[in-house]
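Peer 1: Just so it is clear, I am handing over structure-v3.pdb, which has PDB, C-alpha atoms.
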ATOM      1  CA  MET A 795       0.000   0.000   0.000  1.00  0.00           C
ATOM      2  CA  ASN A 796       1.272   3.485  -0.888  1.00  0.00           C
ATOM      3  CA  ASP A 797       2.079   5.456   2.254  1.00  0.00           C
ATOM      4  CA  LYS A 798       2.918   8.671   0.411  1.00  0.00           C
ATOM      5  CA  PRO A 799       0.493  11.557   0.966  1.00  0.00           C
ATOM      6  CA  ARG A 800      -2.237  12.551  -1.461  1.00  0.00           C
ATOM      7  CA  ILE A 801      -1.354  15.979  -2.810  1.00  0.00           C
ATOM      8  CA  GLY A 802      -3.587  18.475  -4.542  1.00  0.00           C
ATOM      9  CA  PHE A 803      -1.124  20.057  -6.965  1.00  0.00           C
ATOM     10  CA  ALA A 804      -2.524  23.540  -7.549  1.00  0.00           C
ATOM     11  CA  ILE A 805      -1.193  25.638 -10.427  1.00  0.00           C
ATOM     12  CA  THR A 806      -1.729  29.379 -10.845  1.00  0.00           C
ATOM     13  CA  GLY A 807      -0.742  31.672 -13.685  1.00  0.00           C
ATOM     14  CA  SER A 808       2.974  32.252 -13.252  1.00  0.00           C
ATOM     15  CA  PHE A 809       3.522  30.811 -16.709  1.00  0.00           C
ATOM     16  CA  CYS A 810       7.288  31.414 -16.738  1.00  0.00           C
ATOM     17  CA  THR A 811       7.660  28.860 -13.925  1.00  0.00           C
ATOM     18  CA  PHE A 812       5.413  26.153 -15.389  1.00  0.00           C
ATOM     19  CA  LYS A 813       8.452  24.221 -16.652  1.00  0.00           C
ATOM     20  CA  PRO A 814      10.085  23.757 -13.206  1.00  0.00           C
ATOM     21  CA  ALA A 815       6.669  23.237 -11.601  1.00  0.00           C
ATOM     22  CA  PHE A 816       5.855  20.430 -14.035  1.00  0.00           C
ATOM     23  CA  GLU A 817       9.306  18.905 -13.516  1.00  0.00           C
ATOM     24  CA  THR A 818       8.678  18.980  -9.761  1.00  0.00           C
ATOM     25  CA  ALA A 819       5.334  17.240 -10.266  1.00  0.00           C
ATOM     26  CA  GLU A 820       7.104  14.551 -12.307  1.00  0.00           C
ATOM     27  CA  ALA A 821       9.646  14.031  -9.528  1.00  0.00           C
ATOM     28  CA  LEU A 822       6.908  13.702  -6.899  1.00  0.00           C
ATOM     29  CA  VAL A 823       5.044  11.124  -8.979  1.00  0.00           C
ATOM     30  CA  ARG A 824       8.266   9.149  -9.500  1.00  0.00           C
ATOM     31  CA  ALA A 825       8.771   9.217  -5.721  1.00  0.00           C
ATOM     32  CA  GLY A 826       5.352   7.625  -5.245  1.00  0.00           C
ATOM     33  CA  TYR A 827       3.157  10.603  -4.355  1.00  0.00           C
ATOM     34  CA  GLU A 828      -0.437  10.651  -5.615  1.00  0.00           C
ATOM     35  CA  LEU A 829      -1.012  14.008  -7.316  1.00  0.00           C
ATOM     36  CA  THR A 830      -4.270  15.511  -8.497  1.00  0.00           C
ATOM     37  CA  PRO A 831      -3.923  18.690 -10.589  1.00  0.00           C
ATOM     38  CA  ILE A 832      -5.920  21.814  -9.768  1.00  0.00           C
ATOM     39  CA  MET A 833      -5.700  24.868 -12.029  1.00  0.00           C
ATOM     40  CA  SER A 834      -6.836  28.445 -11.646  1.00  0.00           C
ATOM     41  CA  PHE A 835      -8.973  29.874 -14.422  1.00  0.00           C
ATOM     42  CA  ASN A 836      -5.973  31.682 -15.926  1.00  0.00           C
ATOM     43  CA  ALA A 837      -3.646  28.697 -15.698  1.00  0.00           C
ATOM     44  CA  TYR A 838      -6.287  26.483 -17.313  1.00  0.00           C
ATOM     45  CA  ASN A 839      -7.404  28.817 -20.098  1.00  0.00           C
ATOM     46  CA  LEU A 840      -4.575  31.143 -21.147  1.00  0.00           C
ATOM     47  CA  SER A 841      -2.006  30.448 -23.854  1.00  0.00           C
ATOM     48  CA  THR A 842       1.292  32.322 -23.570  1.00  0.00           C
ATOM     49  CA  ARG A 843       4.784  32.274 -25.053  1.00  0.00           C
ATOM     50  CA  PHE A 844       5.530  29.559 -22.479  1.00  0.00           C
ATOM     51  CA  GLY A 845       3.020  27.163 -24.042  1.00  0.00           C
ATOM     52  CA  SER A 846      -0.565  26.858 -25.093  1.00  0.00           C
ATOM     53  CA  ALA A 847      -3.328  26.199 -22.594  1.00  0.00           C
ATOM     54  CA  GLU A 848      -4.015  22.854 -24.234  1.00  0.00           C
ATOM     55  CA  GLU A 849      -0.352  21.822 -24.046  1.00  0.00           C
ATOM     56  CA  ASN A 850      -0.163  22.730 -20.368  1.00  0.00           C
ATOM     57  CA  ARG A 851      -3.375  20.895 -19.521  1.00  0.00           C
ATOM     58  CA  THR A 852      -2.302  17.810 -21.444  1.00  0.00           C
ATOM     59  CA  ARG A 853       1.106  17.755 -19.795  1.00  0.00           C
ATOM     60  CA  ILE A 854      -0.070  17.966 -16.190  1.00  0.00           C
ATOM     61  CA  GLU A 855      -2.778  15.350 -16.765  1.00  0.00           C
ATOM     62  CA  SER A 856      -0.179  13.084 -18.377  1.00  0.00           C
ATOM     63  CA  ILE A 857       2.182  13.544 -15.425  1.00  0.00           C
ATOM     64  CA  THR A 858      -0.430  12.900 -12.741  1.00  0.00           C
ATOM     65  CA  GLY A 859      -2.698  10.467 -14.572  1.00  0.00           C
ATOM     66  CA  ARG A 860      -5.698  12.405 -13.285  1.00  0.00           C
ATOM     67  CA  GLU A 861      -8.141  14.953 -14.656  1.00  0.00           C
ATOM     68  CA  ILE A 862      -7.675  18.589 -13.703  1.00  0.00           C
ATOM     69  CA  ILE A 863      -9.953  20.177 -11.141  1.00  0.00           C
ATOM     70  CA  HIS A 864     -10.660  23.479 -12.920  1.00  0.00           C
ATOM     71  CA  THR A 865     -13.989  24.797 -11.686  1.00  0.00           C
ATOM     72  CA  ILE A 866     -15.117  26.204  -8.360  1.00  0.00           C
ATOM     73  CA  GLU A 867     -17.869  23.608  -8.227  1.00  0.00           C
ATOM     74  CA  SER A 868     -15.433  20.699  -8.587  1.00  0.00           C
ATOM     75  CA  ALA A 869     -13.023  22.198  -6.019  1.00  0.00           C
ATOM     76  CA  GLU A 870     -15.625  22.719  -3.297  1.00  0.00           C
ATOM     77  CA  PRO A 871     -15.940  19.018  -2.264  1.00  0.00           C
ATOM     78  CA  ILE A 872     -12.188  18.728  -1.556  1.00  0.00           C
ATOM     79  CA  GLY A 873     -12.649  19.481   2.136  1.00  0.00           C
ATOM     80  CA  PRO A 874     -15.893  17.613   2.823  1.00  0.00           C
ATOM     81  CA  LYS A 875     -14.548  14.513   1.069  1.00  0.00           C
ATOM     82  CA  ARG A 876     -11.054  14.899   2.622  1.00  0.00           C
ATOM     83  CA  LEU A 877      -9.516  14.282  -0.779  1.00  0.00           C
ATOM     84  CA  PHE A 878      -5.974  15.412   0.060  1.00  0.00           C
ATOM     85  CA  ASP A 879      -3.483  15.224   2.888  1.00  0.00           C
ATOM     86  CA  LEU A 880      -1.865  18.409   1.616  1.00  0.00           C
ATOM     87  CA  ILE A 881      -2.338  21.044  -1.082  1.00  0.00           C
ATOM     88  CA  ALA A 882       0.725  22.515  -2.778  1.00  0.00           C
ATOM     89  CA  VAL A 883       0.187  25.755  -4.701  1.00  0.00           C
ATOM     90  CA  CYS A 884       3.024  25.532  -7.204  1.00  0.00           C
ATOM     91  CA  PRO A 885       3.518  28.134  -8.575  1.00  0.00           C
ATOM     92  CA  CYS A 886       1.618  30.671  -6.487  1.00  0.00           C
ATOM     93  CA  THR A 887       1.182  34.147  -7.981  1.00  0.00           C
ATOM     94  CA  SER A 888       0.856  37.411  -6.061  1.00  0.00           C
ATOM     95  CA  ASN A 889      -2.805  37.480  -7.132  1.00  0.00           C
ATOM     96  CA  THR A 890      -3.460  34.136  -5.445  1.00  0.00           C
ATOM     97  CA  LEU A 891      -1.354  35.148  -2.427  1.00  0.00           C
ATOM     98  CA  ALA A 892      -3.542  38.230  -1.950  1.00  0.00           C
ATOM     99  CA  LYS A 893      -6.739  36.220  -2.226  1.00  0.00           C
ATOM    100  CA  LEU A 894      -5.580  33.589   0.253  1.00  0.00           C
ATOM    101  CA  ALA A 895      -4.380  36.248   2.693  1.00  0.00           C
ATOM    102  CA  THR A 896      -7.737  38.038   2.622  1.00  0.00           C
ATOM    103  CA  GLY A 897     -10.071  35.046   2.437  1.00  0.00           C
ATOM    104  CA  VAL A 898     -11.208  35.522  -1.166  1.00  0.00           C
ATOM    105  CA  ASN A 899     -12.159  32.284  -2.908  1.00  0.00           C
ATOM    106  CA  ASP A 900     -13.211  33.038  -6.473  1.00  0.00           C
ATOM    107  CA  THR A 901     -11.004  30.609  -8.416  1.00  0.00           C
ATOM    108  CA  PRO A 902     -10.709  26.812  -8.370  1.00  0.00           C
ATOM    109  CA  VAL A 903      -7.367  27.086  -6.536  1.00  0.00           C
ATOM    110  CA  THR A 904      -8.558  29.461  -3.815  1.00  0.00           C
ATOM    111  CA  MET A 905     -11.721  27.404  -3.334  1.00  0.00           C
ATOM    112  CA  ALA A 906      -9.617  24.237  -3.124  1.00  0.00           C
ATOM    113  CA  VAL A 907      -7.437  25.769  -0.416  1.00  0.00           C
ATOM    114  CA  LYS A 908     -10.406  27.130   1.534  1.00  0.00           C
ATOM    115  CA  SER A 909     -12.205  23.802   1.395  1.00  0.00           C
ATOM    116  CA  HIS A 910      -9.048  21.870   2.338  1.00  0.00           C
ATOM    117  CA  LEU A 911      -8.295  24.141   5.325  1.00  0.00           C
ATOM    118  CA  ARG A 912     -11.600  23.253   6.997  1.00  0.00           C
ATOM    119  CA  ASN A 913      -9.841  20.000   7.955  1.00  0.00           C
ATOM    120  CA  GLN A 914      -6.822  21.894   9.359  1.00  0.00           C
ATOM    121  CA  ARG A 915      -4.521  20.219   6.883  1.00  0.00           C
ATOM    122  CA  PRO A 916      -1.356  21.839   5.479  1.00  0.00           C
ATOM    123  CA  VAL A 917      -1.115  24.131   2.485  1.00  0.00           C
ATOM    124  CA  VAL A 918       2.320  24.579   0.920  1.00  0.00           C
ATOM    125  CA  ILE A 919       3.036  27.766  -1.031  1.00  0.00           C
ATOM    126  CA  ALA A 920       5.694  27.950  -3.778  1.00  0.00           C
ATOM    127  CA  ILE A 921       5.724  31.642  -4.592  1.00  0.00           C
ATOM    128  CA  SER A 922       6.571  33.162  -7.953  1.00  0.00           C
ATOM    129  CA  THR A 923       5.966  36.880  -8.126  1.00  0.00           C
ATOM    130  CA  ASN A 924       7.675  40.003  -9.437  1.00  0.00           C
ATOM    131  CA  ASP A 925       6.529  42.064  -6.441  1.00  0.00           C
ATOM    132  CA  ALA A 926       7.355  39.795  -3.491  1.00  0.00           C
ATOM    133  CA  LEU A 927       9.545  42.509  -1.985  1.00  0.00           C
ATOM    134  CA  SER A 928       7.033  45.283  -2.611  1.00  0.00           C
ATOM    135  CA  ASN A 929       3.219  45.057  -2.766  1.00  0.00           C
ATOM    136  CA  ALA A 930       3.014  41.286  -2.221  1.00  0.00           C
ATOM    137  CA  ALA A 931       5.296  41.339   0.835  1.00  0.00           C
ATOM    138  CA  LYS A 932       2.432  42.023   3.245  1.00  0.00           C
ATOM    139  CA  ASN A 933       0.452  39.050   1.920  1.00  0.00           C
ATOM    140  CA  ILE A 934       3.442  36.740   2.236  1.00  0.00           C
ATOM    141  CA  GLY A 935       3.812  37.946   5.823  1.00  0.00           C
ATOM    142  CA  ILE A 936       0.132  37.346   6.566  1.00  0.00           C
ATOM    143  CA  LEU A 937       0.248  33.771   5.277  1.00  0.00           C
ATOM    144  CA  GLU A 938       3.554  33.019   7.009  1.00  0.00           C
ATOM    145  CA  SER A 939       1.933  33.984  10.305  1.00  0.00           C
ATOM    146  CA  MET A 940      -1.186  31.850   9.771  1.00  0.00           C
ATOM    147  CA  LYS A 941      -1.624  28.274  10.907  1.00  0.00           C
ATOM    148  CA  HIS A 942      -1.436  25.487   8.342  1.00  0.00           C
ATOM    149  CA  TYR A 943       0.491  27.508   5.723  1.00  0.00           C
ATOM    150  CA  TYR A 944       4.063  26.508   4.862  1.00  0.00           C
ATOM    151  CA  PHE A 945       6.445  28.045   2.347  1.00  0.00           C
ATOM    152  CA  VAL A 946       8.855  26.407  -0.044  1.00  0.00           C
ATOM    153  CA  PRO A 947      12.193  28.222   0.415  1.00  0.00           C
ATOM    154  CA  TYR A 948      12.435  31.177  -1.953  1.00  0.00           C
ATOM    155  CA  CYS A 949      14.950  33.732  -3.189  1.00  0.00           C
ATOM    156  CA  GLN A 950      15.458  36.683  -5.502  1.00  0.00           C
ATOM    157  CA  ASP A 951      15.674  35.286  -9.008  1.00  0.00           C
ATOM    158  CA  ASP A 952      17.162  38.381 -10.699  1.00  0.00           C
ATOM    159  CA  TYR A 953      18.097  41.075  -8.198  1.00  0.00           C
ATOM    160  CA  ILE A 954      19.516  43.376 -10.885  1.00  0.00           C
ATOM    161  CA  LEU A 955      16.732  43.449 -13.483  1.00  0.00           C
ATOM    162  CA  LYS A 956      13.855  42.453 -11.161  1.00  0.00           C
ATOM    163  CA  PRO A 957      14.900  43.619  -7.677  1.00  0.00           C
ATOM    164  CA  PHE A 958      11.479  42.936  -6.093  1.00  0.00           C
ATOM    165  CA  SER A 959      10.971  39.490  -7.637  1.00  0.00           C
ATOM    166  CA  MET A 960      11.220  36.236  -5.734  1.00  0.00           C
ATOM    167  CA  VAL A 961      10.642  32.635  -6.748  1.00  0.00           C
ATOM    168  CA  ALA A 962      10.496  29.355  -4.861  1.00  0.00           C
ATOM    169  CA  ASP A 963      13.220  26.743  -5.146  1.00  0.00           C
ATOM    170  CA  PHE A 964      10.981  24.064  -6.631  1.00  0.00           C
ATOM    171  CA  SER A 965      13.561  21.357  -5.914  1.00  0.00           C
ATOM    172  CA  LYS A 966      12.709  21.790  -2.217  1.00  0.00           C
ATOM    173  CA  LEU A 967       8.970  21.174  -2.609  1.00  0.00           C
ATOM    174  CA  GLU A 968       9.076  17.514  -1.554  1.00  0.00           C
ATOM    175  CA  ARG A 969      11.037  18.269   1.617  1.00  0.00           C
ATOM    176  CA  THR A 970       8.721  21.175   2.426  1.00  0.00           C
ATOM    177  CA  CYS A 971       5.655  18.964   2.015  1.00  0.00           C
ATOM    178  CA  ASP A 972       7.080  16.168   4.148  1.00  0.00           C
ATOM    179  CA  LEU A 973       7.846  18.554   7.022  1.00  0.00           C
ATOM    180  CA  ALA A 974       4.549  20.432   6.647  1.00  0.00           C
ATOM    181  CA  LEU A 975       2.678  17.182   7.241  1.00  0.00           C
ATOM    182  CA  SER A 976       4.382  17.134  10.653  1.00  0.00           C
ATOM    183  CA  GLY A 977       3.614  20.799  11.300  1.00  0.00           C
ATOM    184  CA  ILE A 978       7.179  21.989  10.646  1.00  0.00           C
ATOM    185  CA  GLN A 979       8.306  24.836   8.367  1.00  0.00           C
ATOM    186  CA  VAL A 980      11.400  23.821   6.404  1.00  0.00           C
ATOM    187  CA  GLN A 981      14.424  26.036   7.030  1.00  0.00           C
ATOM    188  CA  PRO A 982      16.049  28.201   5.881  1.00  0.00           C
ATOM    189  CA  MET A 983      13.095  29.880   4.196  1.00  0.00           C
ATOM    190  CA  LEU A 984      15.204  32.434   2.347  1.00  0.00           C
ATOM    191  CA  THR A 985      17.822  30.934   0.076  1.00  0.00           C
ATOM    192  CA  GLN A 986      20.297  31.983  -2.580  1.00  0.00           C
ATOM    193  CA  LEU A 987      20.261  30.834  -6.177  1.00  0.00           C
ATOM    194  CA  ILE A 988      23.174  28.504  -6.898  1.00  0.00           C
ATOM    195  CA  ASP A 989      23.951  30.056 -10.279  1.00  0.00           C
ATOM    196  CA  THR A 990      24.045  33.748  -9.246  1.00  0.00           C
TER     197      THR A 990
END
Can you present the structure in this file as structure tokens?

Peer 2:
Amino acid sequence: MNDKPRIGFAITGSFCTFKPAFETAEALVRAGYELTPIMSFNAYNLSTRFGSAEENRTRIESITGREIIHTIESAEPIGPKRLFDLIAVCPCTSNTLAKLATGVNDTPVTMAVKSHLRNQRPVVIAISTNDALSNAAKNIGILESMKHYYFVPYCQDDYILKPFSMVADFSKLERTCDLALSGIQVQPMLTQLIDT
């Protein structure tokens, strides 16, 4: 019997980080985790220079072997049915950060998190935002101070051209999830990119 946790793998519209997020999902599946994809409206519907919406949907369903939860109606039963041990929002945009910090649930991802939290189960946040050190900083702080939220270690990804931008180290998602299930925030939370 598989003893790995059931993870709701929630994707929001930081399209430039879809590649490492998908690679992280592949690694988790190889390690034996059961992943179910959840996508925000933008992540599900928008095509960008980083790939078409159809390509992105096909890829994550191929990786996980499960259909995407992509409506508010299909996300709402997550809590009542106790579908997941943990939800990982990977990547998590500043838009989603703000909604989670203020209790807004108007996308499949925010509804999934709200529904999941009714069971006091962990939510892991892998941020990817150009304004983490400006407007989004307060929302990061709010979530870091709330119970049941855990952050994948993050760092400035280009401190010269994007001095306020920060992105999670996706390679640390598995470790963050494992510790979050025991109520522990992985440390250090602030890291440095290896190739800077």

Peer 1: Can you tell me how far atom CA of A:Ile832 sits from atom CA of A:Val946, in Å to one decimal?

Peer 2: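 Interatomic distance, atom CA of A:Ile832 to atom CA of A:Val946: 18.3 Å.
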
Peer 1: For a quick check of understanding, using only C-alpha atoms, which of A:Lys932, A:Lys941, A:Lys908, A:Arg969 has the smallest distance to A:Leu822?

Peer 2: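 Ranking A:Lys932, A:Lys941, A:Lys908, A:Arg969 by distance to A:Leu822, first place goes to A:Arg969.
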
Peer 1: Quick one: which residues end up in the PyMOL selection byres ((chain A and resi 978) around 12) for this structure, as a list in words?

Peer 2: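 Those residues are Pro916, Val917, Val918, Lys941, His942, Tyr943, Tyr944, Phe945, Val946, Arg969, Thr970, Cys971, Asp972, Leu973, Ala974, Leu975, Ser976, Gly977, Gln979, Val980, Gln981, Pro982 and Met983 of chain A.
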
Peer 1: If you count all atoms listed in the file, which residues fall within 9 Å of A:His910, apart from same-chain ones fewer than 5 positions away, as a list of chain:residue names?

Peer 2: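 The neighbour list is A:Glu870, A:Pro871, A:Ile872, A:Gly873, A:Pro874, A:Arg876, A:Leu877, A:Phe878, A:Asp879, A:Leu880, A:Ile881, A:Met905, A:Arg915, A:Pro916, A:Val917.
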
Peer 1: For the structure shown, which residues end up in the PyMOL selection byres ((chain A and resi 936) around 10)? Put them as a ChimeraX atom specification, please?

Peer 2: /A:891-892,894-896,931-935,937-940,943

Peer 1: If I take atom CA of A:Arg860 and atom CA of A:Leu829, how far is one from the other in Å, to one decimal?

Peer 2: 7.8 Å

Peer 1: I would like the residues chosen by the PyMOL selection byres ((chain A and resi 813) around 12) on the shown file; could you give them as a list in words?

Peer 2: Ile805, Ser808, Phe809, Cys810, Thr811, Phe812, Pro814, Ala815, Phe816, Glu817, Thr818, Ala819, Glu820, Phe844, Gly845, Glu849, Asn850, Arg853, Ile854, Cys884, Pro885 and Phe964 of chain A

Peer 1: From the list A:Cys949, A:Leu911, A:Ile862, A:Ala926, which residue is nearest A:Phe803 when using only C-alpha atoms?

Peer 2: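 With only C-alpha atoms as the atom set, the closest residue is A:Ile862.
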
Peer 1: Could you state the separation of atom CA of A:Thr890 and atom CA of A:Val823 in Å, given to one decimal place?

Peer 2: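 These two atoms are separated by 24.8 Å.
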
Peer 1: Out of A:Ile921, A:Ala804, A:Ile866, A:Val961, which residue has the shortest atom-to-atom distance to A:Thr830 when counting all atoms listed in the file?

Peer 2: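 Smallest separation from A:Thr830 among the options: A:Ala804.
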
Peer 1: Emit as lines of an AutoDock Vina configuration file the padded axis-aligned box for all listed atoms of stretch 968-973 of chain A, 3 Å per side, with centre and edge lengths in Å to one decimal.

Peer 2:
center_x = 8.3
center_y = 18.7
center_z = 2.7
size_x = 11.4
size_y = 11.0
size_z = 14.6

Peer 1: Could you check the closest approach to A:Ile863 for each of A:Gly802, A:Thr887, A:Gly897, A:Thr842 and tell me which residue wins, using all atoms listed in the file?

Peer 2: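 Counting all atoms listed in the file, the residue closest to A:Ile863 is A:Gly802.
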
Peer 1: May I ask which of the residues A:Leu927, A:Cys886, A:Val907, A:Leu967 is the closest one to A:Tyr953, counting all atoms listed in the file?

Peer 2: A:Leu927

Peer 1: Quick one: of A:Ser868, A:Ser909, A:Glu968, A:Gly859, who's nearest to A:Lys798, counting only C-alpha atoms?

Peer 2: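 Once distances to A:Lys798 are computed over only C-alpha atoms, the minimum belongs to A:Glu968.
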